[in-house]
Amino acid sequence: SRVEVLKGPQGTLFGRNATGGTVSIVTPNPSQVFEGDVKFEIGSRETMNLVAFANVPVTDNFAFNISAYSNEREQILKNLSTGYLPDKAYGRGVRVKTRWDILDDLALTVSGSFNKTQNNGGLAFQNVRPAPALAGGGLILPADDTGLDRRVQLDGDAGATGKGGIVSAALDWNLDAVDTKLMYSHQRIRPTRLDGPFDGTQRPVADARGAGLGKSHQFVEQDTLELQLLSNDSTPGSEHFEWVAGVFALESLGGFNPIVFSVAPNFFNEILPSFGVDNPLFEQLLGQFTGTINDVLAELNLPPVAGETSLQLANYGLIDAQSISGYAQGTWHAAETIDITAGVRYQDEERKLKGSRTSILLNDGSEVVLPLPQGGKEPINAKQTSARLAFQWRPFGPNDQFYASWARAFKSPTYNTVNLTGNLFGTMVPLKEERVDTYELGVKTNLLDGNLQLNAATFYTIQKDPLSANVSIPSGGVANFTNAQEAEIKGADGDFLLIPMPNLNPGLVITGGVSYLDAIYSEFTNGRGYDDATGLGFGNGGASLPPRDLSGKRIPRVPEWSYQAGISQRIDFASGNAVEVGADTFYTSKIYFLPQNSELSTREAVSLFNARATYIHAAWNLEVTAYVNNITDKIYADSAFVTDFGTALLVNEDPRLYGLRAKLSF
């Protein structure tokens, strides 16, 4: 039905972790009108997408709608080491939504959606600069010389499949003085396959595996229950004050149960010979050595480290969260042109780390738990109060406003779920809550008789104890979080929509937007990362070198400048048919992937260009669009994966794609 983008902290109405903003996707409610549409797309890279929607009235008081989608495309990455081109990436799903108007003022809505996906899952990282301390002169971990060319050199497949679903129900009871909503939802997400060559090279050193012995099992389950009261036109004083209040409860469980790492598969008969010793005597000694090792492991009922398999380490860790909160927000129409909004939310949440342990998996399916020191046994309890205050002034009419606001929201304190080495390096300590305060001044206007829409804002955000991610073998091999002390973001953004010639050419539309962000760590004395010269880790959590002061460094993934611009021309014909052509561009300046702002984890500025042409046949309710995206076939890193093994890059963004789309409405 619509997508709402709410910038800045939204903790009062949307709760925990809505610190940067909220994207609210509102699906259409079933109605008493039979209607629908079908969208079909075919394009390069074996792209084939289908989306269908239908709304069906059944009786005078019951209707449902159903939507389904299927998209698929060949993988954009090719593995040079195995010659294997990964299976197609795809996504498939269905959603059903029903509405029963039980009485004139009482309605029940029930919906369910389910989907399944397959892609490389951000797992096909290519190690372009092995850590000098571990590379062995390129013999153990050879660097990739292919660069950013959508080719990788990995010792195995890299990909993931997953499925998920959500069911929900809402009971709406519209009373004379207040509207009441009771809402429930249950959500489950479960990756069903996980394969990631962790070292990012063609060497069989360390892999996260989801198949075979000790299959990885990851899931998230969440239940929510909410009671909401809303004012309506019949509420006393509604002409001066509108409000919403409610109670929200959440229970969730998620994490790895377990995640399985294959450590040093084929190490002795593939890695050691890479040092260059190649003669019969070495082969004989190597055979005797690995045979002896495997004999010992066999006596212990452990899998061999040489040959067809590897040492399988399973790490377990689940986060159990329970919270209850109450909230209220209202808008007072202080004058015809002035609105004042205030909101508050109080939340009480408890989180626990459950079942954290590391085991060696045995051939018979059993496991031996490693006697590692454990932490994280104490539950974390957080009591948080989010708030919002906003002032709106419309001196020139309802379509123009000046506004000022302040909002506060939180990320809940928690534990890192994956702790491969237990608490050996002090990694199983609770993370502090992250508090975000944002102050904003802005203007939204309609000028030139509505032919120019202009929005602009300036803002200041301060983050207390912001979370920072690091990937390290001693801390568990996946993203491990710690708290910096403080970060600040000073910024401004603006966007416009212009019809430059409303009389001569009303079909010409120009759009644009620009953003400037000065985002730095104002205090980060316990910084973690990797030394540029040696590749050794610094910081707490098992690193070889002590922490470094990263104060003054830019926050990762935040560009200083970004902009987008577009132009479209629509030509209407007397028959009611029309043609529309358009083009757009997007630019983002240099970003860093690590708080240390190293050149080893940098993405240079990126510019992208797209174009399209659409024919609209009014009599058939048909639209046909030809398009080309990423016209220059720009190749750039979507992410960097810096670990003890070195710097790996992920090229996961779309290449040049072109094709046809058709939409038929009925």
# chains A, B, ... in the order shown; residues from 1 in each chain; ligands from 1
>>> residues_around(residues="region 444-459 of chain A", least_positions_apart="4", cutoff="12 Å", atoms="only C-alpha atoms", output="MDAnalysis selection string")
chainID A and resid 7:9 392:407 437:440 488:503 505:519
>>> residues_around(residues="region 114-121 of chain A", least_positions_apart="3", cutoff="7 Å", atoms="only C-alpha atoms", output="list in words")
Ala89, Tyr90, Gly91, Arg92, Gly93, Val94, Arg95, Ala124, Ala158, Gly159, Ala160, Thr161, Gly162, Lys163, Gly164, Gly165 and Ile166 of chain A
>>> residues_around(residues="Glu378 (chain A)", least_positions_apart="6", cutoff="12 Å", atoms="only C-alpha atoms", output="list in words")
Glu350, Arg351, Lys352, Leu353, Lys354, Thr414, Tyr415, Met428, Val429 and Pro430 of chain A
>>> residues_around(residues="Thr12 (chain A)", least_positions_apart="6", cutoff="7 Å", atoms="only C-alpha atoms", output="ChimeraX atom specification")
/A:327,343-345,386-388
>>> write_last_selection(atoms="all heavy atoms", output="PDB file, in the first residue's frame")
ATOM      1  N   TYR A 327       3.798   3.066  26.313  1.00  0.00           N
ATOM      2  CA  TYR A 327       4.135   4.266  25.559  1.00  0.00           C
ATOM      3  C   TYR A 327       2.907   5.149  25.374  1.00  0.00           C
ATOM      4  O   TYR A 327       1.753   4.700  25.451  1.00  0.00           O
ATOM      5  CB  TYR A 327       4.722   3.904  24.195  1.00  0.00           C
ATOM      6  CG  TYR A 327       3.772   3.144  23.289  1.00  0.00           C
ATOM      7  CD1 TYR A 327       2.923   3.810  22.401  1.00  0.00           C
ATOM      8  CD2 TYR A 327       3.713   1.752  23.332  1.00  0.00           C
ATOM      9  CE1 TYR A 327       2.059   3.107  21.580  1.00  0.00           C
ATOM     10  CE2 TYR A 327       2.855   1.046  22.516  1.00  0.00           C
ATOM     11  CZ  TYR A 327       2.024   1.727  21.635  1.00  0.00           C
ATOM     12  OH  TYR A 327       1.150   1.034  20.833  1.00  0.00           O
ATOM     13  N   GLY A 343       6.174  12.630  23.248  1.00  0.00           N
ATOM     14  CA  GLY A 343       5.978  11.198  23.426  1.00  0.00           C
ATOM     15  C   GLY A 343       6.979  10.621  24.393  1.00  0.00           C
ATOM     16  O   GLY A 343       8.072  11.164  24.597  1.00  0.00           O
ATOM     17  N   VAL A 344       6.611   9.503  25.000  1.00  0.00           N
ATOM     18  CA  VAL A 344       7.502   8.837  25.947  1.00  0.00           C
ATOM     19  C   VAL A 344       7.220   7.339  25.893  1.00  0.00           C
ATOM     20  O   VAL A 344       6.095   6.901  25.615  1.00  0.00           O
ATOM     21  CB  VAL A 344       7.304   9.381  27.382  1.00  0.00           C
ATOM     22  CG1 VAL A 344       5.904   9.060  27.888  1.00  0.00           C
ATOM     23  CG2 VAL A 344       8.362   8.837  28.327  1.00  0.00           C
ATOM     24  N   ARG A 345       8.260   6.566  26.113  1.00  0.00           N
ATOM     25  CA  ARG A 345       8.134   5.112  26.167  1.00  0.00           C
ATOM     26  C   ARG A 345       9.048   4.595  27.266  1.00  0.00           C
ATOM     27  O   ARG A 345      10.242   4.936  27.311  1.00  0.00           O
ATOM     28  CB  ARG A 345       8.511   4.475  24.828  1.00  0.00           C
ATOM     29  CG  ARG A 345       8.273   2.954  24.773  1.00  0.00           C
ATOM     30  CD  ARG A 345       8.817   2.370  23.486  1.00  0.00           C
ATOM     31  NE  ARG A 345       8.330   1.029  23.236  1.00  0.00           N
ATOM     32  CZ  ARG A 345       7.357   0.697  22.396  1.00  0.00           C
ATOM     33  NH1 ARG A 345       6.749   1.657  21.705  1.00  0.00           N
ATOM     34  NH2 ARG A 345       6.971  -0.557  22.226  1.00  0.00           N
ATOM     35  N   SER A 386      12.628   6.200  26.506  1.00  0.00           N
ATOM     36  CA  SER A 386      12.781   6.948  25.260  1.00  0.00           C
ATOM     37  C   SER A 386      11.802   8.109  25.256  1.00  0.00           C
ATOM     38  O   SER A 386      10.747   8.050  25.888  1.00  0.00           O
ATOM     39  CB  SER A 386      12.526   6.044  24.056  1.00  0.00           C
ATOM     40  OG  SER A 386      13.399   4.935  24.057  1.00  0.00           O
ATOM     41  N   ALA A 387      12.145   9.161  24.519  1.00  0.00           N
ATOM     42  CA  ALA A 387      11.291  10.346  24.514  1.00  0.00           C
ATOM     43  C   ALA A 387      11.410  11.069  23.187  1.00  0.00           C
ATOM     44  O   ALA A 387      12.387  10.894  22.438  1.00  0.00           O
ATOM     45  CB  ALA A 387      11.664  11.279  25.666  1.00  0.00           C
ATOM     46  N   ARG A 388      10.408  11.902  22.921  1.00  0.00           N
ATOM     47  CA  ARG A 388      10.404  12.706  21.697  1.00  0.00           C
ATOM     48  C   ARG A 388       9.658  14.001  21.968  1.00  0.00           C
ATOM     49  O   ARG A 388       8.619  14.018  22.640  1.00  0.00           O
ATOM     50  CB  ARG A 388       9.740  11.946  20.546  1.00  0.00           C
ATOM     51  CG  ARG A 388       9.607  12.756  19.257  1.00  0.00           C
ATOM     52  CD  ARG A 388       9.002  11.923  18.138  1.00  0.00           C
ATOM     53  NE  ARG A 388       8.802  12.717  16.941  1.00  0.00           N
ATOM     54  CZ  ARG A 388       9.743  13.025  16.065  1.00  0.00           C
ATOM     55  NH1 ARG A 388      10.981  12.582  16.262  1.00  0.00           N
ATOM     56  NH2 ARG A 388       9.475  13.757  15.003  1.00  0.00           N
TER      57      ARG A 388
END
>>> residues_around(residues="Leu622 (chain A)", least_positions_apart="2", cutoff="8 Å", atoms="only C-alpha atoms", output="list of chain:residue names")
A:Ile616, A:His617, A:Ala618, A:Ala619, A:Trp620, A:Val624, A:Ala662, A:Lys663, A:Leu664, A:Ser665
>>> write_last_selection(atoms="N, CA and C atoms", output="PDB file, in the first residue's frame")
ATOM      1  N   ILE A 616       2.735   3.374 -21.805  1.00  0.00           N
ATOM      2  CA  ILE A 616       1.517   3.154 -21.024  1.00  0.00           C
ATOM      3  C   ILE A 616       0.341   3.070 -21.981  1.00  0.00           C
ATOM      4  N   HIS A 617      -0.328   1.916 -21.998  1.00  0.00           N
ATOM      5  CA  HIS A 617      -1.506   1.704 -22.844  1.00  0.00           C
ATOM      6  C   HIS A 617      -2.739   1.720 -21.945  1.00  0.00           C
ATOM      7  N   ALA A 618      -3.443   2.857 -21.950  1.00  0.00           N
ATOM      8  CA  ALA A 618      -4.509   3.083 -20.977  1.00  0.00           C
ATOM      9  C   ALA A 618      -5.652   2.088 -21.125  1.00  0.00           C
ATOM     10  N   ALA A 619      -6.035   1.753 -22.346  1.00  0.00           N
ATOM     11  CA  ALA A 619      -7.193   0.886 -22.560  1.00  0.00           C
ATOM     12  C   ALA A 619      -6.983  -0.503 -21.967  1.00  0.00           C
ATOM     13  N   TRP A 620      -5.767  -0.948 -21.945  1.00  0.00           N
ATOM     14  CA  TRP A 620      -5.467  -2.287 -21.419  1.00  0.00           C
ATOM     15  C   TRP A 620      -4.927  -2.248 -19.992  1.00  0.00           C
ATOM     16  N   VAL A 624       4.678  -1.078 -20.091  1.00  0.00           N
ATOM     17  CA  VAL A 624       5.847  -1.842 -20.506  1.00  0.00           C
ATOM     18  C   VAL A 624       7.069  -0.934 -20.394  1.00  0.00           C
ATOM     19  N   ALA A 662       6.837  -5.575 -17.479  1.00  0.00           N
ATOM     20  CA  ALA A 662       5.455  -5.344 -17.892  1.00  0.00           C
ATOM     21  C   ALA A 662       4.551  -5.434 -16.679  1.00  0.00           C
ATOM     22  N   LYS A 663       3.570  -4.527 -16.613  1.00  0.00           N
ATOM     23  CA  LYS A 663       2.597  -4.532 -15.527  1.00  0.00           C
ATOM     24  C   LYS A 663       1.201  -4.439 -16.119  1.00  0.00           C
ATOM     25  N   LEU A 664       0.363  -5.401 -15.774  1.00  0.00           N
ATOM     26  CA  LEU A 664      -1.016  -5.434 -16.235  1.00  0.00           C
ATOM     27  C   LEU A 664      -1.934  -5.360 -15.029  1.00  0.00           C
ATOM     28  N   SER A 665      -2.786  -4.328 -14.992  1.00  0.00           N
ATOM     29  CA  SER A 665      -3.712  -4.137 -13.876  1.00  0.00           C
ATOM     30  C   SER A 665      -5.127  -4.486 -14.299  1.00  0.00           C
TER      31      SER A 665
END
>>> closest_residue(among="A:Ser1, A:Asn257, A:Asn17, A:Asn363", to="Arg435 (chain A)", atoms="only C-alpha atoms")
A:Asn17
>>> atom_distance(atom1="CA of Glu41 (chain A)", atom2="CA of Arg2 (chain A)")
21.6 Å
>>> residues_around(residues="Phe538 (chain A)", least_positions_apart="6", cutoff="7 Å", atoms="only C-alpha atoms", output="ChimeraX atom specification")
/A:528-531,544-547
>>> select_by_dssp(residues="region 317-472 of chain A", states="strand (DSSP E or B)", output="PyMOL selection string")
chain A and resi 317-335+338-361+367-369+380-393+401-411+414+431+434-447+452-464+467-471
>>> closest_residue(among="A:Phe256, A:Phe14, A:Phe425, A:Phe248", to="Glu349 (chain A)", atoms="only C-alpha atoms")
A:Phe248
>>> residues_around(residues="Leu154 (chain A)", least_positions_apart="4", cutoff="6 Å", atoms="only C-alpha atoms", output="PDB file with all heavy atoms, in the first residue's frame")
ATOM      1  N   SER A  81      38.845 -21.102  -8.737  1.00  0.00           N
ATOM      2  CA  SER A  81      39.571 -22.244  -8.172  1.00  0.00           C
ATOM      3  C   SER A  81      38.894 -23.565  -8.497  1.00  0.00           C
ATOM      4  O   SER A  81      39.553 -24.568  -8.751  1.00  0.00           O
ATOM      5  CB  SER A  81      39.706 -22.082  -6.655  1.00  0.00           C
ATOM      6  OG  SER A  81      40.463 -20.946  -6.338  1.00  0.00           O
ATOM      7  N   THR A 201      40.468 -17.613   0.677  1.00  0.00           N
ATOM      8  CA  THR A 201      41.446 -18.009  -0.331  1.00  0.00           C
ATOM      9  C   THR A 201      41.098 -19.398  -0.855  1.00  0.00           C
ATOM     10  O   THR A 201      40.165 -20.048  -0.382  1.00  0.00           O
ATOM     11  CB  THR A 201      42.882 -18.031   0.243  1.00  0.00           C
ATOM     12  OG1 THR A 201      43.022 -19.180   1.096  1.00  0.00           O
ATOM     13  CG2 THR A 201      43.173 -16.775   1.046  1.00  0.00           C
ATOM     14  N   GLN A 202      41.921 -19.866  -1.832  1.00  0.00           N
ATOM     15  CA  GLN A 202      41.720 -21.224  -2.333  1.00  0.00           C
ATOM     16  C   GLN A 202      42.349 -22.277  -1.440  1.00  0.00           C
ATOM     17  O   GLN A 202      42.266 -23.464  -1.713  1.00  0.00           O
ATOM     18  CB  GLN A 202      42.280 -21.365  -3.761  1.00  0.00           C
ATOM     19  CG  GLN A 202      43.793 -21.222  -3.872  1.00  0.00           C
ATOM     20  CD  GLN A 202      44.217 -19.817  -4.222  1.00  0.00           C
ATOM     21  OE1 GLN A 202      43.716 -18.862  -3.639  1.00  0.00           O
ATOM     22  NE2 GLN A 202      45.127 -19.683  -5.177  1.00  0.00           N
TER      23      GLN A 202
END
>>> atom_distance(atom1="CA of Gly376 (chain A)", atom2="CA of Asn483 (chain A)")
16.2 Å
>>> atom_distance(atom1="CA of Tyr615 (chain A)", atom2="CA of Asn630 (chain A)")
21.6 Å
>>> closest_residue(among="A:Leu660, A:Leu318, A:Leu594, A:Thr647", to="Thr614 (chain A)", atoms="only C-alpha atoms")
A:Leu660
